[in-house]
$ cat query.cif   # mmCIF, C-alpha atoms
data_data
loop_
_atom_site.group_PDB
_atom_site.id
_atom_site.type_symbol
_atom_site.label_atom_id
_atom_site.label_comp_id
_atom_site.auth_asym_id
_atom_site.auth_seq_id
_atom_site.Cartn_x
_atom_site.Cartn_y
_atom_site.Cartn_z
ATOM 1 C CA LEU A 4 185.271 123.257 11.847
ATOM 2 C CA GLU A 5 185.096 127.057 11.911
ATOM 3 C CA ARG A 6 181.353 126.946 11.225
ATOM 4 C CA PHE A 7 180.863 124.364 13.975
ATOM 5 C CA ALA A 8 183.010 126.440 16.343
ATOM 6 C CA ARG A 9 180.723 129.455 15.869
ATOM 7 C CA VAL A 10 177.680 127.325 16.646
ATOM 8 C CA THR A 11 179.411 125.849 19.701
ATOM 9 C CA SER A 12 180.314 129.295 21.029
ATOM 10 C CA ARG A 13 176.659 130.304 20.824
ATOM 11 C CA LEU A 14 175.633 127.106 22.604
ATOM 12 C CA LEU A 15 178.061 127.690 25.453
ATOM 13 C CA THR A 16 176.810 131.249 26.036
ATOM 14 C CA GLY A 17 173.658 129.774 27.554
ATOM 15 C CA ARG A 18 171.341 130.177 24.578
ATOM 16 C CA ASP A 19 168.345 127.881 24.447
ATOM 17 C CA PRO A 20 169.715 124.867 22.509
ATOM 18 C CA ALA A 21 166.319 124.022 21.004
ATOM 19 C CA GLY A 22 166.259 127.437 19.337
ATOM 20 C CA LEU A 23 169.615 126.768 17.650
ATOM 21 C CA CYS A 24 168.816 123.324 16.246
ATOM 22 C CA ASP A 25 167.776 124.601 12.805
ATOM 23 C CA GLU A 26 171.079 126.497 12.596
ATOM 24 C CA ILE A 27 173.014 123.404 13.722
ATOM 25 C CA ALA A 28 171.291 121.238 11.113
ATOM 26 C CA ALA A 29 172.026 123.835 8.418
ATOM 27 C CA ALA A 30 175.695 123.965 9.457
ATOM 28 C CA ILE A 31 175.915 120.196 9.067
ATOM 29 C CA THR A 32 174.367 120.089 5.595
ATOM 30 C CA GLU A 33 176.365 123.063 4.345
ATOM 31 C CA THR A 34 179.776 121.784 5.486
ATOM 32 C CA SER A 35 179.529 118.030 4.888
ATOM 33 C CA HIS A 36 178.333 115.465 2.371
ATOM 34 C CA PHE A 37 175.200 114.956 4.450
ATOM 35 C CA GLY A 38 172.493 116.593 2.413
ATOM 36 C CA ARG A 39 169.872 116.144 5.116
ATOM 37 C CA ALA A 40 170.047 116.486 8.889
ATOM 38 C CA ALA A 41 167.289 116.299 11.496
ATOM 39 C CA ILE A 42 167.726 116.903 15.224
ATOM 40 C CA TYR A 43 165.386 115.224 17.697
ATOM 41 C CA LEU A 44 165.365 116.258 21.346
ATOM 42 C CA ALA A 45 163.761 114.386 24.227
ATOM 43 C CA THR A 46 161.720 116.515 26.611
ATOM 44 C CA GLU A 47 162.074 116.051 30.371
ATOM 45 C CA ARG A 48 158.986 113.839 30.175
ATOM 46 C CA GLY A 49 160.685 111.591 27.623
ATOM 47 C CA VAL A 50 158.689 112.781 24.600
ATOM 48 C CA LEU A 51 160.745 113.120 21.411
ATOM 49 C CA MET A 52 160.295 116.288 19.385
ATOM 50 C CA LEU A 53 161.765 117.425 16.075
ATOM 51 C CA ALA A 54 163.805 120.490 17.103
ATOM 52 C CA GLY A 55 165.518 121.344 13.830
ATOM 53 C CA ALA A 56 166.105 120.098 10.297
ATOM 54 C CA SER A 57 167.866 121.027 7.073
ATOM 55 C CA GLY A 58 167.470 119.630 3.576
ATOM 56 C CA TYR A 59 163.801 118.712 4.081
ATOM 57 C CA THR A 60 160.636 120.233 2.680
ATOM 58 C CA ALA A 61 157.838 121.421 4.972
ATOM 59 C CA ALA A 62 155.925 118.218 4.246
ATOM 60 C CA ASP A 63 159.034 116.166 5.028
ATOM 61 C CA ARG A 64 159.368 117.920 8.390
ATOM 62 C CA GLN A 65 155.817 116.978 9.313
ATOM 63 C CA ALA A 66 156.584 113.366 8.447
ATOM 64 C CA LEU A 67 159.761 113.497 10.533
ATOM 65 C CA GLN A 68 157.793 114.750 13.523
ATOM 66 C CA ARG A 69 155.401 111.813 13.246
ATOM 67 C CA GLN A 70 158.384 109.462 13.238
ATOM 68 C CA ALA A 71 159.709 110.767 16.576
ATOM 69 C CA ASP A 72 159.412 107.426 18.319
ATOM 70 C CA PRO A 73 161.849 106.056 20.966
ATOM 71 C CA ALA A 74 161.682 102.658 19.250
ATOM 72 C CA LEU A 75 163.096 104.295 16.119
ATOM 73 C CA LEU A 76 166.129 105.442 18.086
ATOM 74 C CA GLU A 77 166.924 101.910 19.221
ATOM 75 C CA ALA A 78 166.532 100.524 15.701
ATOM 76 C CA LEU A 79 168.725 103.186 14.133
ATOM 77 C CA LEU A 80 171.372 102.755 16.800
ATOM 78 C CA GLU A 81 171.542 99.045 16.187
ATOM 79 C CA ARG A 82 171.735 99.432 12.414
ATOM 80 C CA HIS A 83 173.970 102.431 11.870
ATOM 81 C CA VAL A 84 175.986 103.814 14.776
ATOM 82 C CA ALA A 85 178.450 100.941 15.061
ATOM 83 C CA ALA A 86 179.194 101.063 11.333
ATOM 84 C CA ALA A 87 179.563 104.837 11.267
ATOM 85 C CA LYS A 88 182.184 104.774 14.024
ATOM 86 C CA ARG A 89 184.497 102.303 12.308
ATOM 87 C CA GLU A 90 187.759 103.897 11.225
ATOM 88 C CA ASN A 91 187.735 105.031 7.576
ATOM 89 C CA GLN A 92 184.104 103.911 7.282
ATOM 90 C CA SER A 93 182.313 105.798 4.515
ATOM 91 C CA LEU A 94 178.601 106.194 3.971
ATOM 92 C CA PRO A 95 177.380 105.748 0.382
ATOM 93 C CA PRO A 96 174.944 108.272 -1.099
ATOM 94 C CA GLY A 97 171.464 107.926 0.372
ATOM 95 C CA GLN A 98 172.725 105.986 3.412
ATOM 96 C CA GLU A 99 171.307 107.118 6.773
ATOM 97 C CA THR A 100 172.978 107.163 10.158
ATOM 98 C CA ILE A 101 172.492 108.862 13.501
ATOM 99 C CA VAL A 102 174.668 110.570 16.066
ATOM 100 C CA PRO A 103 173.210 110.072 19.544
ATOM 101 C CA LEU A 104 172.948 112.893 22.080
ATOM 102 C CA ILE A 105 173.941 111.440 25.445
ATOM 103 C CA SER A 106 174.637 113.142 28.768
ATOM 104 C CA ALA A 107 177.719 112.419 30.868
ATOM 105 C CA ARG A 108 175.520 110.156 33.013
ATOM 106 C CA GLY A 109 174.407 108.144 30.001
ATOM 107 C CA THR A 110 170.946 109.685 29.716
ATOM 108 C CA TRP A 111 169.479 109.818 26.216
ATOM 109 C CA LEU A 112 168.790 113.422 25.209
ATOM 110 C CA GLY A 113 167.926 112.778 21.565
ATOM 111 C CA TRP A 114 169.844 112.259 18.338
ATOM 112 C CA ILE A 115 170.934 113.820 15.067
ATOM 113 C CA ALA A 116 169.685 111.863 12.042
ATOM 114 C CA LEU A 117 171.872 112.208 8.959
ATOM 115 C CA ALA A 118 171.467 111.181 5.318
ATOM 116 C CA ALA A 119 174.271 111.327 2.784
ATOM 117 C CA SER A 120 173.287 113.344 -0.265
ATOM 118 C CA VAL A 121 173.104 111.461 -3.562
ATOM 119 C CA GLU A 122 174.284 114.542 -5.448
ATOM 120 C CA ASP A 123 177.226 115.426 -3.195
ATOM 121 C CA GLY A 124 178.829 111.996 -2.983
ATOM 122 C CA ILE A 125 180.186 109.931 -0.100
ATOM 123 C CA ALA A 126 180.133 111.072 3.533
ATOM 124 C CA ARG A 127 183.320 110.049 5.320
ATOM 125 C CA ALA A 128 183.800 108.886 8.891
ATOM 126 C CA SER A 129 185.879 112.020 9.518
ATOM 127 C CA GLU A 130 182.746 114.098 8.907
ATOM 128 C CA VAL A 131 180.791 111.944 11.341
ATOM 129 C CA ALA A 132 183.548 112.480 13.941
ATOM 130 C CA LYS A 133 183.241 116.277 13.620
ATOM 131 C CA ILE A 134 179.486 116.074 13.961
ATOM 132 C CA GLU A 135 179.929 113.889 17.045
ATOM 133 C CA MET A 136 182.044 116.658 18.611
ATOM 134 C CA LEU A 137 179.260 119.141 17.907
ATOM 135 C CA ALA A 138 176.726 116.672 19.329
ATOM 136 C CA ALA A 139 178.763 116.443 22.543
ATOM 137 C CA ASP A 140 178.648 120.239 22.939
ATOM 138 C CA LEU A 141 174.913 120.219 22.262
ATOM 139 C CA SER A 142 174.429 117.497 24.882
ATOM 140 C CA VAL A 143 176.316 119.506 27.507
ATOM 141 C CA THR A 144 174.199 122.575 26.761
ATOM 142 C CA LEU A 145 170.984 120.544 26.964
ATOM 143 C CA VAL A 146 171.954 119.173 30.384
ATOM 144 C CA ASN A 147 172.930 122.636 31.673
ATOM 145 C CA THR A 148 169.656 124.113 30.419
ATOM 146 C CA ARG A 149 167.659 121.417 32.201
ATOM 147 C CA LEU A 150 169.609 122.017 35.398
ATOM 148 C CA ARG A 151 168.847 125.742 35.197
ATOM 149 C CA HIS A 152 165.139 125.008 34.707
ATOM 150 C CA GLN A 153 165.174 122.639 37.681
ATOM 151 C CA LEU A 154 166.903 125.288 39.799
ATOM 152 C CA VAL A 155 164.305 127.899 38.860
ATOM 153 C CA ARG A 156 161.491 125.477 39.729
ATOM 154 C CA SER A 157 163.155 124.668 43.048
ATOM 155 C CA GLU A 158 163.497 128.362 43.871
ATOM 156 C CA LYS A 159 159.847 128.951 42.981
ATOM 157 C CA LEU A 160 158.756 126.051 45.193
ATOM 158 C CA ALA A 161 160.907 127.348 48.052
ATOM 159 C CA ALA A 162 159.346 130.806 47.714
ATOM 160 C CA LEU A 163 155.873 129.255 47.587
ATOM 161 C CA GLY A 164 156.639 127.267 50.736
ATOM 162 C CA GLN A 165 157.714 130.419 52.569
ATOM 163 C CA LEU A 166 154.573 132.242 51.447
ATOM 164 C CA VAL A 167 152.289 129.389 52.531
ATOM 165 C CA ALA A 168 154.040 129.091 55.884
ATOM 166 C CA GLY A 169 153.651 132.817 56.511
ATOM 167 C CA VAL A 170 149.951 132.793 55.619
ATOM 168 C CA ALA A 171 149.358 129.698 57.741
ATOM 169 C CA HIS A 172 150.950 131.296 60.799
ATOM 170 C CA GLU A 173 148.934 134.473 60.301
ATOM 171 C CA LEU A 174 145.694 132.471 60.085
ATOM 172 C CA ASN A 175 146.581 130.321 63.074
ATOM 173 C CA ASN A 176 146.546 133.207 65.548
ATOM 174 C CA PRO A 177 142.950 134.432 64.951
ATOM 175 C CA LEU A 178 141.770 130.819 64.669
ATOM 176 C CA THR A 179 143.138 130.094 68.136
ATOM 177 C CA ALA A 180 141.202 133.093 69.468
ATOM 178 C CA ILE A 181 137.996 131.955 67.735
ATOM 179 C CA LEU A 182 138.322 128.471 69.224
ATOM 180 C CA GLY A 183 139.010 129.866 72.696
ATOM 181 C CA TYR A 184 136.042 132.245 72.698
ATOM 182 C CA SER A 185 133.710 129.611 71.236
ATOM 183 C CA GLU A 186 134.600 127.263 74.110
ATOM 184 C CA LEU A 187 134.021 130.048 76.659
ATOM 185 C CA LEU A 188 130.654 130.933 75.134
ATOM 186 C CA THR A 189 129.677 127.263 75.008
ATOM 187 C CA GLY A 190 130.285 126.991 78.751
ATOM 188 C CA GLU A 191 128.122 130.039 79.433
ATOM 189 C CA ALA A 192 125.231 129.221 77.110
ATOM 190 C CA HIS A 193 122.213 127.207 78.305
ATOM 191 C CA ASP A 194 119.882 127.533 75.340
ATOM 192 C CA ALA A 195 119.953 124.369 73.170
ATOM 193 C CA SER A 196 119.788 126.236 69.840
ATOM 194 C CA LYS A 197 122.613 128.569 70.888
ATOM 195 C CA LEU A 198 124.720 125.604 72.045
ATOM 196 C CA GLN A 199 124.183 123.908 68.693
ATOM 197 C CA ARG A 200 125.304 127.012 66.809
ATOM 198 C CA LEU A 201 128.337 127.457 69.076
ATOM 199 C CA ASN A 202 129.301 123.802 68.654
ATOM 200 C CA ARG A 203 129.027 124.247 64.904
ATOM 201 C CA LEU A 204 131.233 127.340 65.131
ATOM 202 C CA GLY A 205 133.869 125.429 67.104
ATOM 203 C CA SER A 206 133.706 122.462 64.724
ATOM 204 C CA GLU A 207 134.262 124.641 61.660
ATOM 205 C CA ALA A 208 137.091 126.525 63.391
ATOM 206 C CA ARG A 209 138.820 123.232 64.213
ATOM 207 C CA ARG A 210 138.412 122.154 60.586
ATOM 208 C CA MET A 211 140.095 125.356 59.477
ATOM 209 C CA GLN A 212 142.850 124.717 61.995
ATOM 210 C CA ARG A 213 143.484 121.272 60.474
ATOM 211 C CA ILE A 214 143.730 122.887 57.038
ATOM 212 C CA VAL A 215 146.283 125.374 58.387
ATOM 213 C CA GLU A 216 148.285 122.525 59.952
ATOM 214 C CA GLY A 217 148.262 120.780 56.568
ATOM 215 C CA LEU A 218 149.610 123.914 54.917
ATOM 216 C CA LEU A 219 152.380 124.140 57.512
ATOM 217 C CA ARG A 220 153.362 120.524 56.886
ATOM 218 C CA PHE A 221 153.434 121.247 53.161
#
$ encode --input "query.cif" --output "structure tokens"
Amino acid sequence: LERFARVTSRLLTGRDPAGLCDEIAAAITETSHFGRAAIYLATERGVLMLAGASGYTAADRQALQRQADPALLEALLERHVAAAKRENQSLPPGQETIVPLISARGTWLGWIALAASVEDGIARASEVAKIEMLAADLSVTLVNTRLRHQLVRSEKLAALGQLVAGVAHELNNPLTAILGYSELLTGEAHDASKLQRLNRLGSEARRMQRIVEGLLRF
């Protein structure tokens, strides 16, 4: 619990949770009978990525990344989660289970895949319960991190909107003058070629004005 508490304190300080997943996986394998742990996180686009692992070789990690499939999550949930949560349920050596990462709104954020080590013996339900507590803290941090990213994007879009609006207003003033003078010159001109050029000037100025209006609406 002390090892998990240190990891949790680092999570709650606002650190990027993805950067701590290797440390979280190592904490699990070093303090429980689970000899292997892999943490999968879902991106905001719904793509699953291997964020951290412990107890696997480099080749194993590559294989784990290829297995990051949402269908795998559903299958593992159906097969293992219910059994792992039963009181006093133990997991025999080599048995696999997962601990889901779920937000308070029920959104899937990923999961922690666990495998009981053959050498270390049986993983107890009490160990799964501790890992579930850590998973809850990780889920909260993931949600908060996403909210911060969304806030930053919103602030950037707001700043962009202000910039575009300012530029559009600045362009609108000289465009109005160009349109006004082109209409005056059109009324004074009698030569056909000059009229054609002036009409073209007015047409292009009006097209620019429509572009500016579009920017203002944006």
$ closest_residue --input "query.cif" --among "A:Ala138, A:Ser157, A:Val50, A:Phe37" --to "A:Cys24" --atoms "all atoms listed in the file"
A:Ala138
$ closest_residue --input "query.cif" --among "A:Ser35, A:Gln212, A:Gln68, A:Thr11" --to "A:Leu51" --atoms "all atoms listed in the file"
A:Gln68
$ atom_distance --input "query.cif" --atom1 "atom CA of A:Ile27" --atom2 "atom CA of A:His152"
22.5 Å
$ atom_distance --input "query.cif" --atom1 "atom CA of A:Ile134" --atom2 "atom CA of A:Val102"
7.6 Å
$ closest_residue --input "query.cif" --among "A:Leu112, A:Leu67, A:Ala41, A:Leu53" --to "A:Arg149" --atoms "all atoms listed in the file"
A:Leu112
$ atom_distance --input "query.cif" --atom1 "atom CA of A:Val143" --atom2 "atom CA of A:Ala29"
20.0 Å
$ residues_around --input "query.cif" --residues "A:Ala40" --least-positions-apart "6" --cutoff "10 Å" --atoms "all atoms listed in the file" --output "JSON, numbers by chain"
{"A": [25, 27, 28, 29, 30, 31, 32, 55, 56, 57, 58, 59, 99, 100, 101, 115, 116, 117, 118, 119]}
$ resolve_selection --input "query.cif" --expression "the PyMOL selection byres ((chain A and resi 177-189) around 12)" --output "count of residues only"
34
$ closest_residue --input "query.cif" --among "A:Ala162, A:Ala21, A:Val155, A:Ala62" --to "A:Thr46" --atoms "only C-alpha atoms"
A:Ala21
$ closest_residue --input "query.cif" --among "A:Leu150, A:Leu137, A:Leu145, A:Ala132" --to "A:Ala45" --atoms "all atoms listed in the file"
A:Leu145
$ closest_residue --input "query.cif" --among "A:Leu44, A:Ala54, A:Leu160, A:Leu218" --to "A:Ile105" --atoms "only C-alpha atoms"
A:Leu44
$ resolve_selection --input "query.cif" --expression "the PyMOL selection byres ((chain A and resi 106) around 10)" --output "ChimeraX atom specification"
/A:103-105,107-113,139,141-146
$ write_last_selection --input "query.cif" --atoms "C-alpha atoms" --output "PDB file, in the coordinates of the input"
ATOM      1  CA  PRO A 103     173.210 110.072  19.544  1.00  0.00           C
ATOM      2  CA  LEU A 104     172.948 112.893  22.080  1.00  0.00           C
ATOM      3  CA  ILE A 105     173.941 111.440  25.445  1.00  0.00           C
ATOM      4  CA  ALA A 107     177.719 112.419  30.868  1.00  0.00           C
ATOM      5  CA  ARG A 108     175.520 110.156  33.013  1.00  0.00           C
ATOM      6  CA  GLY A 109     174.407 108.144  30.001  1.00  0.00           C
ATOM      7  CA  THR A 110     170.946 109.685  29.716  1.00  0.00           C
ATOM      8  CA  TRP A 111     169.479 109.818  26.216  1.00  0.00           C
ATOM      9  CA  LEU A 112     168.790 113.422  25.209  1.00  0.00           C
ATOM     10  CA  GLY A 113     167.926 112.778  21.565  1.00  0.00           C
ATOM     11  CA  ALA A 139     178.763 116.443  22.543  1.00  0.00           C
ATOM     12  CA  LEU A 141     174.913 120.219  22.262  1.00  0.00           C
ATOM     13  CA  SER A 142     174.429 117.497  24.882  1.00  0.00           C
ATOM     14  CA  VAL A 143     176.316 119.506  27.507  1.00  0.00           C
ATOM     15  CA  THR A 144     174.199 122.575  26.761  1.00  0.00           C
ATOM     16  CA  LEU A 145     170.984 120.544  26.964  1.00  0.00           C
ATOM     17  CA  VAL A 146     171.954 119.173  30.384  1.00  0.00           C
TER      18      VAL A 146
END
